[in-house]
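S.K.: The structure is given below, and queries will be raised subsequently.
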Amino acid sequence: MADFAHTRRWWPACLVDEIMPPGRERPEDWLSPDAAGVTTVRWDDEKASVAGTIAPGETVSFMWWEERGNVTITVMPDGSWNLEDPRDGGTVDMFTGEAVPLAPAARIDEANWFAEVSDYETMSDSMDSFARNWASNDTIEPEGERLTVVMGFWQEGVAFAVSADGRALSGIGGDHG
């Protein structure tokens, strides 16, 4: 499996919705406790709307997302699809001179979030589902439609215990990376 940890971003579960603030590199980066050790989680820095709180001694759930790169596929009118870059991992890219670290097909197997690169509203949880949805919502010529698909991986429900002063988290379950 390729290492995508450098792209990992975290959110408290109370913030995960259709529109979210930018993720942060570590779950601890969300902590900014007041005098009582309580962190108020807001939808953004400029609005007063509160999404939730993180209190000392509490168990809180965070989610993370990592990029899995882009691939080019051709979607056929019946919703099937073909990968357009069938290089194997280790193939040297003739433009950069660098070896492709992971075959595109393997990156597809490691992802659970897929969307057309310019329209995240097209998001699906598998490439098959993405292609079927695209075909059902678009008129596709018999030779197919070539698309760039951005891929990612969501990890849900990683539990942390909040320290007594509200300034630290310790992992108690899930994939912390």
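Chain identifiers are assigned as A, B, and so on, following the order in which chains appear in the structure tokens; residues are numbered from 1 within each chain, and ligands are numbered from 1 in order of appearance.
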Which residues are close to segment 152-155 of chain A, i.e. within 10 Å by only C-alpha atoms, leaving aside same-chain residues fewer than 5 positions away? Reply as an NGL selection string.
M.R.: :A and (4 or 7-10 or 62-70 or 107-108 or 110-115 or 125 or 174-176)
S.K.: Please return as a ChimeraX atom specification: the residues of chain A that backbone DSSP assigns to alpha helix (DSSP H).
M.R.: /A:104-109,127-136
S.K.: Print the selection's residues with all heavy atoms to a file, as a compact mmCIF listing (two decimals), in the first residue's frame.
M.R.:
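part-v9.txt written:
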# COMPACT_ATOMS: atom_id res chain seq x y z
N PRO A 104 -2.08 2.68 -11.06
CA PRO A 104 -3.38 3.35 -10.87
C PRO A 104 -4.50 2.41 -10.43
O PRO A 104 -5.33 2.77 -9.61
CB PRO A 104 -3.67 3.94 -12.24
CG PRO A 104 -2.32 4.15 -12.85
CD PRO A 104 -1.49 2.99 -12.35
N ALA A 105 -4.51 1.19 -10.93
CA ALA A 105 -5.56 0.24 -10.54
C ALA A 105 -5.47 -0.07 -9.05
O ALA A 105 -6.49 -0.23 -8.38
CB ALA A 105 -5.45 -1.03 -11.36
N ALA A 106 -4.26 -0.13 -8.50
CA ALA A 106 -4.10 -0.39 -7.07
C ALA A 106 -4.61 0.79 -6.26
O ALA A 106 -5.20 0.62 -5.20
CB ALA A 106 -2.64 -0.66 -6.75
N ARG A 107 -4.40 2.02 -6.74
CA ARG A 107 -4.91 3.19 -6.03
C ARG A 107 -6.44 3.16 -6.00
O ARG A 107 -7.04 3.57 -5.02
CB ARG A 107 -4.40 4.47 -6.67
CG ARG A 107 -2.90 4.68 -6.47
CD ARG A 107 -2.46 6.09 -6.77
NE ARG A 107 -2.98 6.64 -7.99
CZ ARG A 107 -2.33 6.70 -9.15
NH1 ARG A 107 -1.12 6.22 -9.26
NH2 ARG A 107 -2.89 7.24 -10.21
N ILE A 108 -7.07 2.66 -7.06
CA ILE A 108 -8.53 2.54 -7.09
C ILE A 108 -8.97 1.58 -5.99
O ILE A 108 -9.92 1.86 -5.26
CB ILE A 108 -9.02 2.08 -8.48
CG1 ILE A 108 -8.78 3.19 -9.51
CG2 ILE A 108 -10.50 1.67 -8.43
CD1 ILE A 108 -8.98 2.76 -10.95
N ASP A 109 -8.26 0.48 -5.84
CA ASP A 109 -8.62 -0.51 -4.80
C ASP A 109 -8.44 0.04 -3.39
O ASP A 109 -9.07 -0.45 -2.47
CB ASP A 109 -7.78 -1.77 -4.97
CG ASP A 109 -8.13 -2.54 -6.23
OD1 ASP A 109 -9.22 -2.30 -6.80
OD2 ASP A 109 -7.31 -3.37 -6.66
N MET A 127 -15.62 3.10 -7.65
CA MET A 127 -15.49 3.51 -9.04
C MET A 127 -16.66 2.98 -9.86
O MET A 127 -17.16 3.68 -10.75
CB MET A 127 -14.16 3.04 -9.63
CG MET A 127 -13.88 3.63 -11.00
SD MET A 127 -13.61 5.43 -10.99
CE MET A 127 -11.88 5.48 -10.56
N ASP A 128 -17.12 1.76 -9.55
CA ASP A 128 -18.26 1.21 -10.28
C ASP A 128 -19.50 2.08 -10.09
O ASP A 128 -20.20 2.39 -11.05
CB ASP A 128 -18.56 -0.22 -9.82
CG ASP A 128 -17.48 -1.21 -10.23
OD1 ASP A 128 -16.74 -0.94 -11.20
OD2 ASP A 128 -17.39 -2.26 -9.57
N SER A 129 -19.76 2.47 -8.87
CA SER A 129 -20.91 3.32 -8.57
C SER A 129 -20.77 4.69 -9.23
O SER A 129 -21.72 5.23 -9.79
CB SER A 129 -21.05 3.47 -7.05
OG SER A 129 -22.07 4.38 -6.73
N PHE A 130 -19.56 5.25 -9.17
CA PHE A 130 -19.30 6.53 -9.82
C PHE A 130 -19.64 6.45 -11.31
O PHE A 130 -20.35 7.30 -11.85
CB PHE A 130 -17.85 6.97 -9.64
CG PHE A 130 -17.49 8.14 -10.49
CD1 PHE A 130 -17.78 9.43 -10.08
CD2 PHE A 130 -16.89 7.95 -11.73
CE1 PHE A 130 -17.48 10.51 -10.90
CE2 PHE A 130 -16.59 9.03 -12.55
CZ PHE A 130 -16.89 10.31 -12.13
N ALA A 131 -19.13 5.43 -12.00
CA ALA A 131 -19.34 5.29 -13.45
C ALA A 131 -20.82 5.09 -13.78
O ALA A 131 -21.34 5.69 -14.73
CB ALA A 131 -18.50 4.14 -14.00
N ARG A 132 -21.50 4.25 -13.01
CA ARG A 132 -22.94 4.04 -13.25
C ARG A 132 -23.71 5.34 -13.07
O ARG A 132 -24.58 5.68 -13.89
CB ARG A 132 -23.49 2.97 -12.31
CG ARG A 132 -23.17 1.56 -12.72
CD ARG A 132 -23.96 0.54 -11.91
NE ARG A 132 -23.84 0.72 -10.47
CZ ARG A 132 -22.90 0.15 -9.72
NH1 ARG A 132 -22.00 -0.64 -10.28
NH2 ARG A 132 -22.86 0.35 -8.41
N ASN A 133 -23.42 6.08 -12.01
CA ASN A 133 -24.10 7.36 -11.76
C ASN A 133 -23.81 8.36 -12.87
O ASN A 133 -24.69 9.09 -13.31
CB ASN A 133 -23.71 7.94 -10.41
CG ASN A 133 -24.24 7.15 -9.26
OD1 ASN A 133 -25.18 6.36 -9.41
ND2 ASN A 133 -23.63 7.32 -8.10
N TRP A 134 -22.55 8.41 -13.32
CA TRP A 134 -22.18 9.35 -14.38
C TRP A 134 -22.96 9.02 -15.65
O TRP A 134 -23.51 9.91 -16.30
CB TRP A 134 -20.68 9.29 -14.64
CG TRP A 134 -20.23 10.39 -15.54
CD1 TRP A 134 -20.14 10.35 -16.91
CD2 TRP A 134 -19.86 11.71 -15.15
NE1 TRP A 134 -19.72 11.56 -17.39
CE2 TRP A 134 -19.54 12.42 -16.33
CE3 TRP A 134 -19.74 12.36 -13.93
CZ2 TRP A 134 -19.11 13.74 -16.32
CZ3 TRP A 134 -19.33 13.69 -13.93
CH2 TRP A 134 -19.02 14.36 -15.10
N ALA A 135 -23.01 7.75 -16.00
CA ALA A 135 -23.71 7.34 -17.23
C ALA A 135 -25.21 7.61 -17.14
O ALA A 135 -25.83 7.98 -18.14
CB ALA A 135 -23.46 5.86 -17.50
N SER A 136 -25.78 7.46 -15.96
CA SER A 136 -27.23 7.68 -15.83
C SER A 136 -27.60 9.16 -15.82
O SER A 136 -28.74 9.50 -16.06
CB SER A 136 -27.77 6.99 -14.58
OG SER A 136 -27.30 7.63 -13.42
S.K.: Would you kindly return, as a ChimeraX atom specification, each protein, DNA or RNA residue with an atom no farther than 8 Å from any atom of Thr148 of chain A, considering only C-alpha atoms and excluding same-chain residues fewer than 2 positions away?
M.R.: /A:70-73,116-117,146,150
S.K.: Which residue is closest to Met123 of chain A? Choose from A:Asn82, A:Phe95, A:Glu18, A:Val41 and count only C-alpha atoms.
M.R.: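 Of the candidates, the smallest distance to Met123 of chain A is held by A:Glu18.
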S.K.: Rank A:Ile140, A:Cys14, A:Ala5, A:Val60 by their smallest atom-to-atom distance to Ile172 of chain A, using only C-alpha atoms, and report the top residue only.
M.R.: A:Val60
S.K.: Running DSSP on the backbone, which parts of chain A land in strand (DSSP E or B), as a PyMOL selection string?
M.R.: chain A and resi 9-12+24+39-42+50-54+59-75+81-83+92+99+113-116+119-124+145-162+169-171
S.K.: Have a look at atom CA of Thr122 of chain A and atom CA of Ser80 of chain A and let me know their distance in Å, one decimal.
M.R.: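 A separation of 16.0 Å between them.
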